[in-house]
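File shown: work24.cif. Contents: mmCIF, C-alpha atoms.
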```
data_data
loop_
_atom_site.label_atom_id
_atom_site.label_comp_id
_atom_site.auth_asym_id
_atom_site.auth_seq_id
_atom_site.Cartn_x
_atom_site.Cartn_y
_atom_site.Cartn_z
CA MET A 6 20.28 49.03 -78.60
CA SER A 7 17.54 48.03 -76.27
CA ASP A 8 14.22 49.72 -76.14
CA PRO A 9 13.88 51.65 -72.89
CA ASN A 10 10.08 51.50 -73.10
CA ALA A 11 10.12 47.73 -73.31
CA HIS A 12 12.34 47.60 -70.25
CA THR A 13 9.96 49.77 -68.19
CA ALA A 14 6.99 47.69 -69.32
CA ALA A 15 8.72 44.50 -68.17
CA GLN A 16 9.71 46.15 -64.89
CA GLU A 17 6.16 47.36 -64.32
CA ALA A 18 4.80 43.91 -65.05
CA PHE A 19 7.27 42.43 -62.57
CA LEU A 20 6.32 44.95 -59.90
CA ALA A 21 2.61 44.36 -60.51
CA LYS A 22 3.15 40.61 -60.19
CA LYS A 23 5.11 41.12 -56.97
CA LYS A 24 2.39 43.35 -55.60
CA ALA A 25 -0.28 40.79 -56.47
CA LYS A 26 1.73 38.02 -54.75
CA LYS A 27 2.15 40.22 -51.69
CA ALA A 28 -1.56 40.99 -51.65
CA ALA A 29 -2.38 37.31 -52.00
CA ARG A 30 -0.01 36.48 -49.13
CA ARG A 31 -1.57 39.22 -47.04
CA ASN A 32 -5.02 37.80 -47.72
CA ASN A 33 -3.88 34.35 -46.60
CA ASP A 34 -2.57 35.76 -43.34
CA ILE A 35 -5.95 37.20 -42.40
CA GLU A 36 -7.47 33.88 -41.51
CA GLU A 37 -10.22 33.73 -38.93
CA GLY A 38 -8.79 32.50 -35.60
CA ASN A 39 -11.02 29.84 -34.09
CA LEU A 40 -10.98 29.56 -30.27
CA ASN A 41 -10.95 25.91 -29.25
CA ILE A 42 -13.22 25.74 -26.21
CA THR A 43 -13.75 21.98 -26.13
CA SER A 44 -11.19 21.37 -23.38
CA LEU A 45 -12.56 24.29 -21.35
CA MET A 46 -16.03 22.86 -21.81
CA ASP A 47 -14.82 19.51 -20.39
CA VAL A 48 -13.39 21.17 -17.29
CA VAL A 49 -16.50 23.25 -16.68
CA SER A 50 -18.79 20.23 -17.16
CA ILE A 51 -16.80 18.25 -14.58
CA ILE A 52 -17.03 21.12 -12.08
CA VAL A 53 -20.78 21.49 -12.62
CA VAL A 54 -21.41 17.74 -12.19
CA TYR A 55 -19.29 17.67 -9.01
CA LEU A 56 -21.13 20.66 -7.55
CA LEU A 57 -24.54 19.24 -8.48
CA LYS A 58 -23.65 15.93 -6.85
CA SER A 59 -22.43 17.48 -3.60
CA TYR A 60 -25.53 19.70 -3.56
CA GLY A 61 -27.81 16.76 -4.16
CA THR A 62 -26.50 14.62 -1.29
CA ASP A 63 -27.59 17.06 1.43
CA PRO A 64 -31.13 16.18 2.51
CA VAL A 65 -31.62 19.55 4.18
CA VAL A 66 -29.99 22.83 3.28
CA ILE A 67 -29.23 24.77 6.44
CA THR A 68 -28.93 28.51 5.96
CA PRO A 69 -28.60 30.21 9.35
CA THR A 70 -30.22 33.62 9.69
CA ALA A 71 -28.12 36.78 9.70
CA GLY A 72 -26.08 37.19 12.85
CA GLN A 73 -26.80 33.68 14.05
CA LYS A 74 -23.85 31.71 15.43
CA VAL A 75 -24.48 27.98 15.21
CA PRO A 76 -22.88 26.06 18.13
CA MET A 77 -19.70 24.06 17.60
CA SER A 78 -19.49 20.37 18.43
CA ARG A 79 -17.39 17.26 17.95
CA ALA A 80 -20.53 15.38 16.85
CA ASP A 81 -20.15 13.77 13.42
CA ALA A 82 -23.60 12.32 12.77
CA PRO A 83 -25.05 13.59 9.48
CA ILE A 84 -28.19 15.71 9.43
CA GLN A 85 -31.26 13.62 8.67
CA ASP A 86 -34.23 14.86 6.68
CA GLY A 87 -36.40 17.22 8.70
CA VAL A 88 -37.89 20.66 9.09
CA PRO A 89 -35.46 23.32 10.30
CA VAL A 90 -36.43 25.86 12.96
CA TYR A 91 -33.98 28.74 13.27
CA VAL A 92 -33.72 30.29 16.72
CA SER A 93 -31.38 33.26 16.81
CA GLN A 94 -30.92 35.60 19.75
CA ARG A 95 -33.62 37.94 18.40
CA SER A 96 -36.15 35.80 16.53
CA ILE A 97 -37.58 32.40 15.69
CA THR A 98 -37.75 31.66 11.98
CA PHE A 99 -39.75 28.84 10.45
CA ASN A 100 -40.41 28.16 6.77
CA ALA A 101 -38.35 31.24 5.82
CA GLU A 102 -40.71 33.46 7.86
CA ARG A 103 -39.86 35.30 11.03
CA ILE A 104 -42.57 33.99 13.33
CA VAL A 105 -41.61 35.25 16.78
CA GLN A 106 -39.53 38.20 17.90
CA LEU A 107 -37.40 37.66 21.03
CA ASP A 108 -36.53 40.43 23.46
CA GLU A 109 -33.00 41.66 24.20
CA ASN A 110 -32.59 38.93 26.85
CA GLY A 111 -33.45 36.21 24.34
CA ASP A 112 -36.87 35.50 25.90
CA VAL A 113 -40.16 35.06 24.07
CA ASP A 114 -42.76 37.79 24.58
CA PRO A 115 -44.96 36.46 27.46
CA THR A 116 -48.15 37.48 25.59
CA GLN A 117 -47.28 34.95 22.85
CA VAL A 118 -46.63 32.11 25.28
CA GLN A 119 -49.17 29.89 26.98
CA GLY A 120 -47.36 27.84 29.61
CA GLN A 121 -44.47 26.49 27.53
CA LEU A 122 -46.31 26.74 24.21
CA ILE A 123 -45.31 29.48 21.75
CA ASN A 124 -48.65 30.10 20.02
CA PRO A 125 -47.58 31.65 16.64
CA LEU A 126 -44.90 28.98 16.17
CA PHE A 127 -47.35 26.22 17.07
CA ASP A 128 -49.84 27.45 14.43
CA GLU A 129 -47.22 27.49 11.68
CA MET A 130 -45.72 24.14 12.67
CA SER A 131 -49.14 22.48 12.83
CA ILE A 132 -49.94 23.66 9.29
CA GLU A 133 -46.58 22.40 8.04
CA ALA A 134 -47.00 19.07 9.87
CA GLU A 135 -50.41 18.57 8.28
CA ARG A 136 -49.03 19.42 4.84
CA SER A 137 -46.07 17.07 5.11
CA LYS A 138 -48.31 14.29 6.47
CA GLN A 139 -50.49 14.58 3.38
CA THR A 140 -47.43 14.56 1.12
CA ALA A 141 -46.08 11.46 2.86
CA ALA A 142 -49.47 9.75 2.61
CA ALA A 143 -49.66 10.52 -1.12
CA LYS A 144 -46.26 8.92 -1.57
CA GLY A 145 -47.29 5.96 0.57
CA GLU A 146 -44.58 6.70 3.11
CA GLU A 147 -44.74 6.93 6.88
CA TRP A 148 -44.39 10.47 8.19
CA GLU A 149 -41.52 11.01 10.59
CA GLY A 150 -41.93 14.33 12.29
CA THR A 151 -38.32 15.40 12.63
CA VAL A 152 -37.44 18.93 13.57
CA ILE A 153 -33.91 20.30 13.22
CA LEU A 154 -33.23 22.98 15.81
CA VAL A 155 -30.73 25.47 14.46
CA GLY A 156 -30.08 27.48 17.57
CA ASP A 157 -27.70 30.28 18.42
CA GLN A 158 -24.68 29.63 20.67
CA ASN A 159 -26.20 31.97 23.27
CA LEU A 160 -29.75 30.64 23.05
CA LYS A 161 -31.12 30.31 26.58
CA PHE A 162 -32.18 26.90 27.82
CA SER A 163 -35.64 28.21 28.80
CA THR A 164 -36.31 29.37 25.21
CA LEU A 165 -34.94 26.13 23.80
CA VAL A 166 -37.30 24.09 25.98
CA LYS A 167 -40.26 26.21 24.85
CA VAL A 168 -39.39 25.64 21.18
CA MET A 169 -39.00 21.89 21.75
CA TYR A 170 -42.27 21.72 23.67
CA THR A 171 -44.09 23.63 20.90
CA ALA A 172 -42.65 21.32 18.24
CA GLY A 173 -43.75 18.32 20.30
CA LYS A 174 -47.29 19.69 20.54
CA ALA A 175 -47.31 20.15 16.75
CA GLU A 176 -46.66 16.37 16.50
CA TYR A 177 -42.95 16.57 15.76
CA SER A 178 -41.58 13.73 17.84
CA GLN A 179 -37.91 13.61 16.80
CA TYR A 180 -35.40 16.36 17.47
CA ALA A 181 -31.90 17.09 16.29
CA PHE A 182 -29.64 19.98 17.23
CA CYS A 183 -27.78 21.37 14.26
CA VAL A 184 -24.10 22.04 15.03
CA ILE A 185 -20.97 22.99 13.13
CA GLN A 186 -18.58 20.10 13.17
CA VAL A 187 -15.15 20.73 14.65
CA ASN A 188 -12.32 18.24 14.84
CA GLY A 189 -10.92 17.14 18.18
CA MET B 12 -23.69 6.09 -72.82
CA ALA B 13 -23.69 9.33 -71.09
CA ARG B 14 -22.11 9.30 -67.69
CA ARG B 15 -24.01 10.96 -64.95
CA LYS B 16 -21.76 13.38 -63.26
CA LYS B 17 -21.60 12.91 -59.47
CA LYS B 18 -22.60 15.89 -57.55
CA ASN B 19 -19.77 17.19 -55.53
CA VAL B 20 -21.34 17.21 -52.05
CA ASP B 21 -19.49 19.28 -49.55
CA GLU B 22 -19.06 17.12 -46.45
CA GLY B 23 -17.26 19.67 -44.32
CA GLU B 24 -17.33 19.34 -40.48
CA VAL B 25 -20.07 21.31 -38.77
CA GLU B 26 -18.92 22.66 -35.46
CA ALA B 27 -21.48 22.98 -32.66
CA ASN B 28 -21.76 26.43 -31.18
CA LEU B 29 -20.80 25.79 -27.57
CA ILE B 30 -20.82 29.39 -26.42
CA PRO B 31 -24.46 29.47 -25.15
CA VAL B 32 -23.85 26.21 -23.27
CA MET B 33 -20.69 27.69 -21.78
CA ASN B 34 -22.65 30.74 -20.65
CA VAL B 35 -25.15 28.55 -18.79
CA MET B 36 -22.34 26.49 -17.24
CA PHE B 37 -20.55 29.59 -16.02
CA LEU B 38 -23.75 30.83 -14.41
CA LEU B 39 -24.37 27.45 -12.76
CA ILE B 40 -20.95 27.37 -11.07
CA PRO B 41 -21.41 30.46 -8.84
CA ALA B 42 -25.06 29.53 -8.19
CA LEU B 43 -24.08 26.07 -6.95
CA LEU B 44 -21.11 27.39 -5.00
CA LEU B 45 -23.41 29.82 -3.19
CA ALA B 46 -25.88 27.05 -2.40
CA MET B 47 -23.17 24.81 -0.98
CA GLU B 48 -22.40 24.60 2.72
CA VAL B 49 -19.34 26.53 3.71
CA ALA B 50 -19.20 24.94 7.15
CA ARG B 51 -19.75 21.25 7.71
CA PHE B 52 -22.97 20.74 9.63
CA ALA B 53 -23.68 17.78 11.86
CA ALA B 54 -26.60 16.77 14.06
CA ILE B 55 -27.03 15.69 17.65
CA ASN B 56 -30.18 13.64 17.95
CA VAL B 57 -31.98 14.27 21.21
CA SER B 58 -35.11 12.97 22.83
CA PRO B 59 -37.80 15.48 23.75
CA PRO B 60 -38.22 16.94 27.21
CA LYS B 61 -40.53 15.06 29.47
CA PHE B 62 -43.46 16.95 30.84
CA ALA B 63 -46.08 16.00 33.38
CA ALA B 64 -47.81 12.66 32.82
CA ALA B 65 -45.58 11.82 29.86
CA SER B 66 -44.77 8.15 29.36
CA GLU B 67 -45.47 6.86 32.87
CA GLN B 68 -45.63 3.33 31.49
CA LYS B 69 -42.09 3.57 30.27
CA ASP B 70 -40.96 4.68 33.72
CA ASP B 71 -42.55 1.58 35.25
CA LYS B 72 -40.60 -0.60 32.85
CA LYS B 73 -37.39 1.16 33.69
CA LYS B 74 -37.90 0.54 37.41
CA GLU B 75 -38.00 -3.18 36.77
CA GLU B 76 -34.73 -3.09 34.82
CA LYS B 77 -33.01 -0.87 37.43
CA PRO B 78 -31.34 1.49 34.99
CA LEU B 79 -28.51 3.85 35.81
CA ASN B 80 -30.82 6.84 35.32
CA LEU B 81 -27.90 9.22 34.89
CA LYS B 82 -28.87 12.86 35.18
CA VAL B 83 -26.71 15.90 34.60
CA PHE B 84 -28.01 19.27 35.69
CA ILE B 85 -26.09 22.25 34.36
CA MET B 86 -26.02 25.05 36.91
CA SER B 87 -24.35 28.43 36.78
CA ASP B 88 -21.72 27.14 39.25
CA GLY B 89 -21.06 23.70 37.80
CA TYR B 90 -22.58 20.30 37.15
CA ARG B 91 -24.82 18.34 39.44
CA VAL B 92 -24.47 14.69 38.46
CA SER B 93 -26.78 12.06 39.86
CA ALA B 94 -27.32 8.39 39.16
CA SER B 95 -30.12 6.14 40.43
CA GLY B 96 -31.56 9.11 42.31
CA GLN B 97 -28.38 9.70 44.31
CA GLN B 98 -26.22 12.73 43.60
CA ALA B 99 -22.58 11.86 43.13
CA GLY B 100 -20.53 13.36 45.96
CA ALA B 101 -23.53 14.44 48.05
CA GLU B 102 -23.28 14.66 51.80
CA GLY B 103 -23.96 11.40 53.66
CA GLY B 104 -27.63 10.49 53.92
CA LYS B 105 -28.73 13.12 51.41
CA ALA B 106 -30.02 12.38 47.91
CA ALA B 107 -28.77 15.77 46.77
CA ASP B 108 -26.24 18.18 48.17
CA SER B 109 -27.74 21.58 47.63
CA THR B 110 -24.65 23.46 48.75
CA LYS B 111 -22.15 22.22 46.19
CA PRO B 112 -22.18 21.07 42.58
CA THR B 113 -20.69 17.63 41.87
CA ILE B 114 -18.24 19.11 39.36
CA PRO B 115 -17.44 22.78 39.98
CA LEU B 116 -16.55 25.25 37.23
CA ALA B 117 -13.19 25.03 35.50
CA LYS B 118 -13.13 28.83 35.41
CA PRO B 119 -14.87 30.07 38.56
CA GLY B 120 -16.34 33.54 38.17
CA ALA B 121 -16.29 33.42 34.38
CA ASP B 122 -19.22 34.90 32.47
CA LEU B 123 -22.02 32.61 31.28
CA LYS B 124 -21.05 33.45 27.70
CA ASP B 125 -17.58 32.02 28.30
CA PHE B 126 -18.35 28.52 27.05
CA ASP B 127 -15.15 27.03 28.48
CA ARG B 128 -16.18 27.82 32.06
CA TYR B 129 -17.40 24.25 32.60
CA ASP B 130 -15.06 21.40 33.41
CA TYR B 131 -15.86 19.18 30.42
CA ALA B 132 -12.82 16.94 31.05
CA ALA B 133 -13.94 16.15 34.61
CA LEU B 134 -17.47 15.42 33.38
CA GLU B 135 -16.12 13.05 30.73
CA ALA B 136 -14.03 11.27 33.37
CA LYS B 137 -17.14 10.92 35.54
CA ALA B 138 -19.11 9.57 32.58
CA LYS B 139 -16.37 6.99 31.97
CA GLU B 140 -16.68 5.85 35.59
CA PHE B 141 -20.42 5.30 35.20
CA LYS B 142 -19.93 3.60 31.83
CA ARG B 143 -17.55 1.11 33.42
CA LEU B 144 -20.27 0.18 35.92
CA TYR B 145 -23.10 0.16 33.35
CA PRO B 146 -21.52 -0.71 29.98
CA LYS B 147 -24.85 -1.10 28.18
CA GLU B 148 -26.32 2.18 29.36
CA THR B 149 -26.41 4.91 26.71
CA VAL B 150 -29.06 7.33 27.95
CA VAL B 151 -28.40 10.48 29.93
CA THR B 152 -30.91 13.10 30.98
CA ILE B 153 -29.63 16.62 30.63
CA SER B 154 -31.24 19.64 32.14
CA ALA B 155 -30.11 23.16 32.89
CA GLU B 156 -30.91 26.40 34.60
CA ASN B 157 -32.91 28.82 32.47
CA ASP B 158 -30.02 31.11 31.51
CA ILE B 159 -27.54 28.42 30.43
CA PRO B 160 -26.57 29.00 26.77
CA LEU B 161 -26.99 26.32 24.10
CA GLN B 162 -23.24 26.07 23.44
CA SER B 163 -22.65 24.95 27.04
CA ILE B 164 -25.37 22.31 26.66
CA ILE B 165 -23.80 21.08 23.41
CA GLY B 166 -20.36 20.99 25.11
CA THR B 167 -21.86 18.94 27.93
CA MET B 168 -23.38 16.50 25.43
CA ASP B 169 -19.98 16.19 23.71
CA ALA B 170 -18.28 15.38 27.03
CA LEU B 171 -20.94 12.81 27.97
CA ARG B 172 -20.74 11.19 24.53
CA GLY B 173 -16.96 10.84 24.84
CA GLY B 174 -14.13 12.57 23.02
CA GLU B 175 -13.33 9.64 20.77
CA CYS B 176 -16.90 8.72 19.88
CA GLN B 177 -17.61 8.55 16.13
CA LEU B 178 -21.28 7.96 15.42
CA MET B 179 -21.30 8.60 11.66
CA ASN B 180 -21.23 4.94 10.57
CA ALA B 181 -23.58 3.80 13.31
CA VAL B 182 -26.18 6.41 12.35
CA GLN B 183 -25.95 5.32 8.71
CA GLY B 184 -26.50 1.72 9.82
CA ASN B 185 -23.13 0.47 8.57
CA GLU B 186 -21.81 -0.66 11.92
CA GLU B 187 -22.61 -0.79 15.63
CA VAL B 188 -22.00 2.08 17.99
CA PRO B 189 -18.29 2.05 18.93
CA GLU B 190 -17.24 1.21 22.47
CA ALA B 191 -15.62 4.63 22.79
CA CYS B 192 -19.09 6.17 22.87
CA LEU B 193 -20.27 6.69 26.43
CA PHE B 194 -23.72 8.25 26.87
CA TRP B 195 -24.61 9.18 23.32
CA SER B 196 -28.38 9.22 23.61
CA PRO B 197 -29.33 12.41 25.48
CA ILE B 198 -32.76 13.34 26.74
CA VAL B 199 -33.27 17.04 27.19
CA GLU B 200 -35.57 17.67 30.10
CA ALA B 201 -36.93 20.87 31.55
CA GLY B 202 -36.10 21.54 35.18
CA ALA B 203 -34.77 18.11 36.08
CA GLY B 204 -32.58 19.42 38.84
#
```

Hey, can you dump this file as structure tokens for me?
Amino acid sequence: MSDPNAHTAAQEAFLAKKKAKKAARRNNDIEEGNLNITSLMDVVSIIVVYLLKSYGTDPVVITPTAGQKVPMSRADAPIQDGVPVYVSQRSITFNAERIVQLDENGDVDPTQVQGQLINPLFDEMSIEAERSKQTAAAKGEEWEGTVILVGDQNLKFSTLVKVMYTAGKAEYSQYAFCVIQVNG
Amino acid sequence: MARRKKKNVDEGEVEANLIPVMNVMFLLIPALLLAMEVARFAAINVSPPKFAAASEQKDDKKKEEKPLNLKVFIMSDGYRVSASGQQAGAEGGKAADSTKPTIPLAKPGADLKDFDRYDYAALEAKAKEFKRLYPKETVVTISAENDIPLQSIIGTMDALRGGECQLMNAVQGNEEVPEACLFWSPIVEAGAG
């Protein structure tokens, strides 16, 4: 006759072994999941390089002032290096500073104008011209005084002429109108 | 002889922690996207307005060469076009016809802010006529009344340059200015009416 105690001991040993195996299997399952970001890194690097390249090819970054509507044109000539002057319907901005306030008709305050010359704008442009001349001289380059006029669609011709005249007096001899390119 | 036991060096792969780099990259993308141009900008190169006593010597030279001296004056009721000091379509014996513009408005009575009020097609046709007579001429003097908006001036420049004119390669120095370009070198002048 078999010993019942021996049977239980064997059964317990079997169960313990099974439990240990199960525990071991469970431990194997809890492996740390590694996220493979190498391919994502490649994609992101390509995007960053593309964006940097397209950013780097623009000689001048044009950022029209709030509410300013840049005129549309079929012109396709690229913008050359120069100093932008933003003329909206309400103000003239140069070097990120609002220099002159325009009235509701888009005219310059007569007290700030002498003939065709806009005095505050002339002062700022002269300083900038002097600075860029010195920079060009330090680099051993010839200074080309180019001004990029970023005007509003509704900018009056009289105001435009005053800005151009002022730029001319501040020794800027080349002018370009900034436009948004449209096809056809 | 006793053998020296080789040390068991663990040569496991060391993975670079790319997460900080990824963070920088993800910040760069929106920053660069914001800095990029949404609209495609172009430039129209113009010569400065002439004021009193400016470049008289040049004018003397021009007289010798007998240039076309094409002038377009933008008025509130249309274009006044003149060449060699004679207004196109003026009454007989008169240099300028003060009663009528050479090219009237396409939309008579339209507001100044309606930029399509000018007859750009008729102006381009007129420019083509002059170009046929003076194929080497490229300069046009543009002037306007005080209230004329910039968009109308730009539209006028587009019409005078010609609808099929592509200056991109010429400006970059890759090729010569195409024949389709009419008067692509504008001078903006104050009160040249």

May I ask you to extract the residues of chain B within 8 Å of chain A, using all atoms listed in the file, and to give them as a ChimeraX atom specification?
/B:29,33,36-37,39-40,43-44,46-48,50-60,124,155-162,165-166,169,174,177-179,182,200-201

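The two atoms in question, atom CA of Pro197 of chain B and atom CA of Ser93 of chain A, are spaced 22.7 Å apart.
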
Do you know which residues the PyMOL selection byres ((chain A and resi 103-108) around 12) returns on this file, as a PyMOL selection string?
chain A and resi 70-71+90-102+109-118+123-130+160-161+164+168

Reconstruct N, CA and C atoms of segment 129-158 of chain A from the incomplete input and present them as a PDB file, in the frame of the given file.
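The file below, result_2.pdb, is the result:
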```
ATOM      1  N   GLU A 129     -47.962  27.716  12.927  1.00  0.00           N
ATOM      2  CA  GLU A 129     -47.220  27.490  11.680  1.00  0.00           C
ATOM      3  C   GLU A 129     -46.740  26.040  11.571  1.00  0.00           C
ATOM      4  N   MET A 130     -46.251  25.507  12.692  1.00  0.00           N
ATOM      5  CA  MET A 130     -45.720  24.140  12.670  1.00  0.00           C
ATOM      6  C   MET A 130     -46.831  23.116  12.456  1.00  0.00           C
ATOM      7  N   SER A 131     -48.010  23.394  13.020  1.00  0.00           N
ATOM      8  CA  SER A 131     -49.140  22.480  12.830  1.00  0.00           C
ATOM      9  C   SER A 131     -49.554  22.427  11.365  1.00  0.00           C
ATOM     10  N   ILE A 132     -49.590  23.601  10.725  1.00  0.00           N
ATOM     11  CA  ILE A 132     -49.940  23.660   9.290  1.00  0.00           C
ATOM     12  C   ILE A 132     -48.928  22.857   8.477  1.00  0.00           C
ATOM     13  N   GLU A 133     -47.648  23.094   8.776  1.00  0.00           N
ATOM     14  CA  GLU A 133     -46.580  22.400   8.040  1.00  0.00           C
ATOM     15  C   GLU A 133     -46.638  20.888   8.280  1.00  0.00           C
ATOM     16  N   ALA A 134     -46.910  20.499   9.538  1.00  0.00           N
ATOM     17  CA  ALA A 134     -47.000  19.070   9.870  1.00  0.00           C
ATOM     18  C   ALA A 134     -48.122  18.409   9.077  1.00  0.00           C
ATOM     19  N   GLU A 135     -49.256  19.105   9.005  1.00  0.00           N
ATOM     20  CA  GLU A 135     -50.410  18.570   8.280  1.00  0.00           C
ATOM     21  C   GLU A 135     -50.071  18.403   6.786  1.00  0.00           C
ATOM     22  N   ARG A 136     -49.404  19.428   6.259  1.00  0.00           N
ATOM     23  CA  ARG A 136     -49.030  19.420   4.840  1.00  0.00           C
ATOM     24  C   ARG A 136     -48.074  18.267   4.539  1.00  0.00           C
ATOM     25  N   SER A 137     -47.050  18.125   5.388  1.00  0.00           N
ATOM     26  CA  SER A 137     -46.070  17.070   5.110  1.00  0.00           C
ATOM     27  C   SER A 137     -46.643  15.673   5.364  1.00  0.00           C
ATOM     28  N   LYS A 138     -47.631  15.587   6.263  1.00  0.00           N
ATOM     29  CA  LYS A 138     -48.310  14.290   6.470  1.00  0.00           C
ATOM     30  C   LYS A 138     -49.050  13.887   5.208  1.00  0.00           C
ATOM     31  N   GLN A 139     -49.727  14.852   4.611  1.00  0.00           N
ATOM     32  CA  GLN A 139     -50.490  14.580   3.380  1.00  0.00           C
ATOM     33  C   GLN A 139     -49.550  14.176   2.241  1.00  0.00           C
ATOM     34  N   THR A 140     -48.414  14.879   2.163  1.00  0.00           N
ATOM     35  CA  THR A 140     -47.430  14.560   1.120  1.00  0.00           C
ATOM     36  C   THR A 140     -46.905  13.135   1.307  1.00  0.00           C
ATOM     37  N   ALA A 141     -46.588  12.800   2.566  1.00  0.00           N
ATOM     38  CA  ALA A 141     -46.080  11.460   2.860  1.00  0.00           C
ATOM     39  C   ALA A 141     -47.136  10.396   2.544  1.00  0.00           C
ATOM     40  N   ALA A 142     -48.388  10.697   2.873  1.00  0.00           N
ATOM     41  CA  ALA A 142     -49.470   9.750   2.610  1.00  0.00           C
ATOM     42  C   ALA A 142     -49.649   9.540   1.108  1.00  0.00           C
ATOM     43  N   ALA A 143     -49.532  10.621   0.344  1.00  0.00           N
ATOM     44  CA  ALA A 143     -49.660  10.520  -1.120  1.00  0.00           C
ATOM     45  C   ALA A 143     -48.556   9.670  -1.717  1.00  0.00           C
ATOM     46  N   LYS A 144     -47.394   9.724  -1.087  1.00  0.00           N
ATOM     47  CA  LYS A 144     -46.260   8.920  -1.570  1.00  0.00           C
ATOM     48  C   LYS A 144     -46.298   7.501  -1.004  1.00  0.00           C
ATOM     49  N   GLY A 145     -47.197   7.280  -0.067  1.00  0.00           N
ATOM     50  CA  GLY A 145     -47.290   5.960   0.570  1.00  0.00           C
ATOM     51  C   GLY A 145     -46.196   5.726   1.585  1.00  0.00           C
ATOM     52  N   GLU A 146     -45.659   6.814   2.121  1.00  0.00           N
ATOM     53  CA  GLU A 146     -44.580   6.700   3.110  1.00  0.00           C
ATOM     54  C   GLU A 146     -45.112   7.050   4.500  1.00  0.00           C
ATOM     55  N   GLU A 147     -44.352   6.593   5.507  1.00  0.00           N
ATOM     56  CA  GLU A 147     -44.740   6.930   6.880  1.00  0.00           C
ATOM     57  C   GLU A 147     -44.119   8.280   7.242  1.00  0.00           C
ATOM     58  N   TRP A 148     -44.892   9.131   7.838  1.00  0.00           N
ATOM     59  CA  TRP A 148     -44.390  10.470   8.190  1.00  0.00           C
ATOM     60  C   TRP A 148     -43.593  10.422   9.480  1.00  0.00           C
ATOM     61  N   GLU A 149     -42.361  10.918   9.385  1.00  0.00           N
ATOM     62  CA  GLU A 149     -41.520  11.010  10.590  1.00  0.00           C
ATOM     63  C   GLU A 149     -41.364  12.484  10.904  1.00  0.00           C
ATOM     64  N   GLY A 150     -42.005  12.910  11.930  1.00  0.00           N
ATOM     65  CA  GLY A 150     -41.930  14.330  12.290  1.00  0.00           C
ATOM     66  C   GLY A 150     -40.603  14.670  12.929  1.00  0.00           C
ATOM     67  N   THR A 151     -39.645  15.039  12.093  1.00  0.00           N
ATOM     68  CA  THR A 151     -38.320  15.400  12.630  1.00  0.00           C
ATOM     69  C   THR A 151     -38.117  16.897  12.503  1.00  0.00           C
ATOM     70  N   VAL A 152     -37.714  17.499  13.588  1.00  0.00           N
ATOM     71  CA  VAL A 152     -37.440  18.930  13.570  1.00  0.00           C
ATOM     72  C   VAL A 152     -35.946  19.143  13.859  1.00  0.00           C
ATOM     73  N   ILE A 153     -35.338  19.999  13.040  1.00  0.00           N
ATOM     74  CA  ILE A 153     -33.910  20.300  13.220  1.00  0.00           C
ATOM     75  C   ILE A 153     -33.822  21.684  13.866  1.00  0.00           C
ATOM     76  N   LEU A 154     -33.322  21.708  15.079  1.00  0.00           N
ATOM     77  CA  LEU A 154     -33.230  22.980  15.810  1.00  0.00           C
ATOM     78  C   LEU A 154     -31.888  23.642  15.513  1.00  0.00           C
ATOM     79  N   VAL A 155     -31.951  24.727  14.773  1.00  0.00           N
ATOM     80  CA  VAL A 155     -30.730  25.470  14.460  1.00  0.00           C
ATOM     81  C   VAL A 155     -30.704  26.663  15.403  1.00  0.00           C
ATOM     82  N   GLY A 156     -30.075  26.450  16.532  1.00  0.00           N
ATOM     83  CA  GLY A 156     -30.080  27.480  17.570  1.00  0.00           C
ATOM     84  C   GLY A 156     -28.828  28.330  17.540  1.00  0.00           C
ATOM     85  N   ASP A 157     -28.868  29.413  18.285  1.00  0.00           N
ATOM     86  CA  ASP A 157     -27.700  30.280  18.420  1.00  0.00           C
ATOM     87  C   ASP A 157     -26.864  29.763  19.599  1.00  0.00           C
ATOM     88  N   GLN A 158     -25.569  30.038  19.562  1.00  0.00           N
ATOM     89  CA  GLN A 158     -24.680  29.630  20.670  1.00  0.00           C
ATOM     90  C   GLN A 158     -25.201  30.131  22.019  1.00  0.00           C
TER      91      GLN A 158
END
```
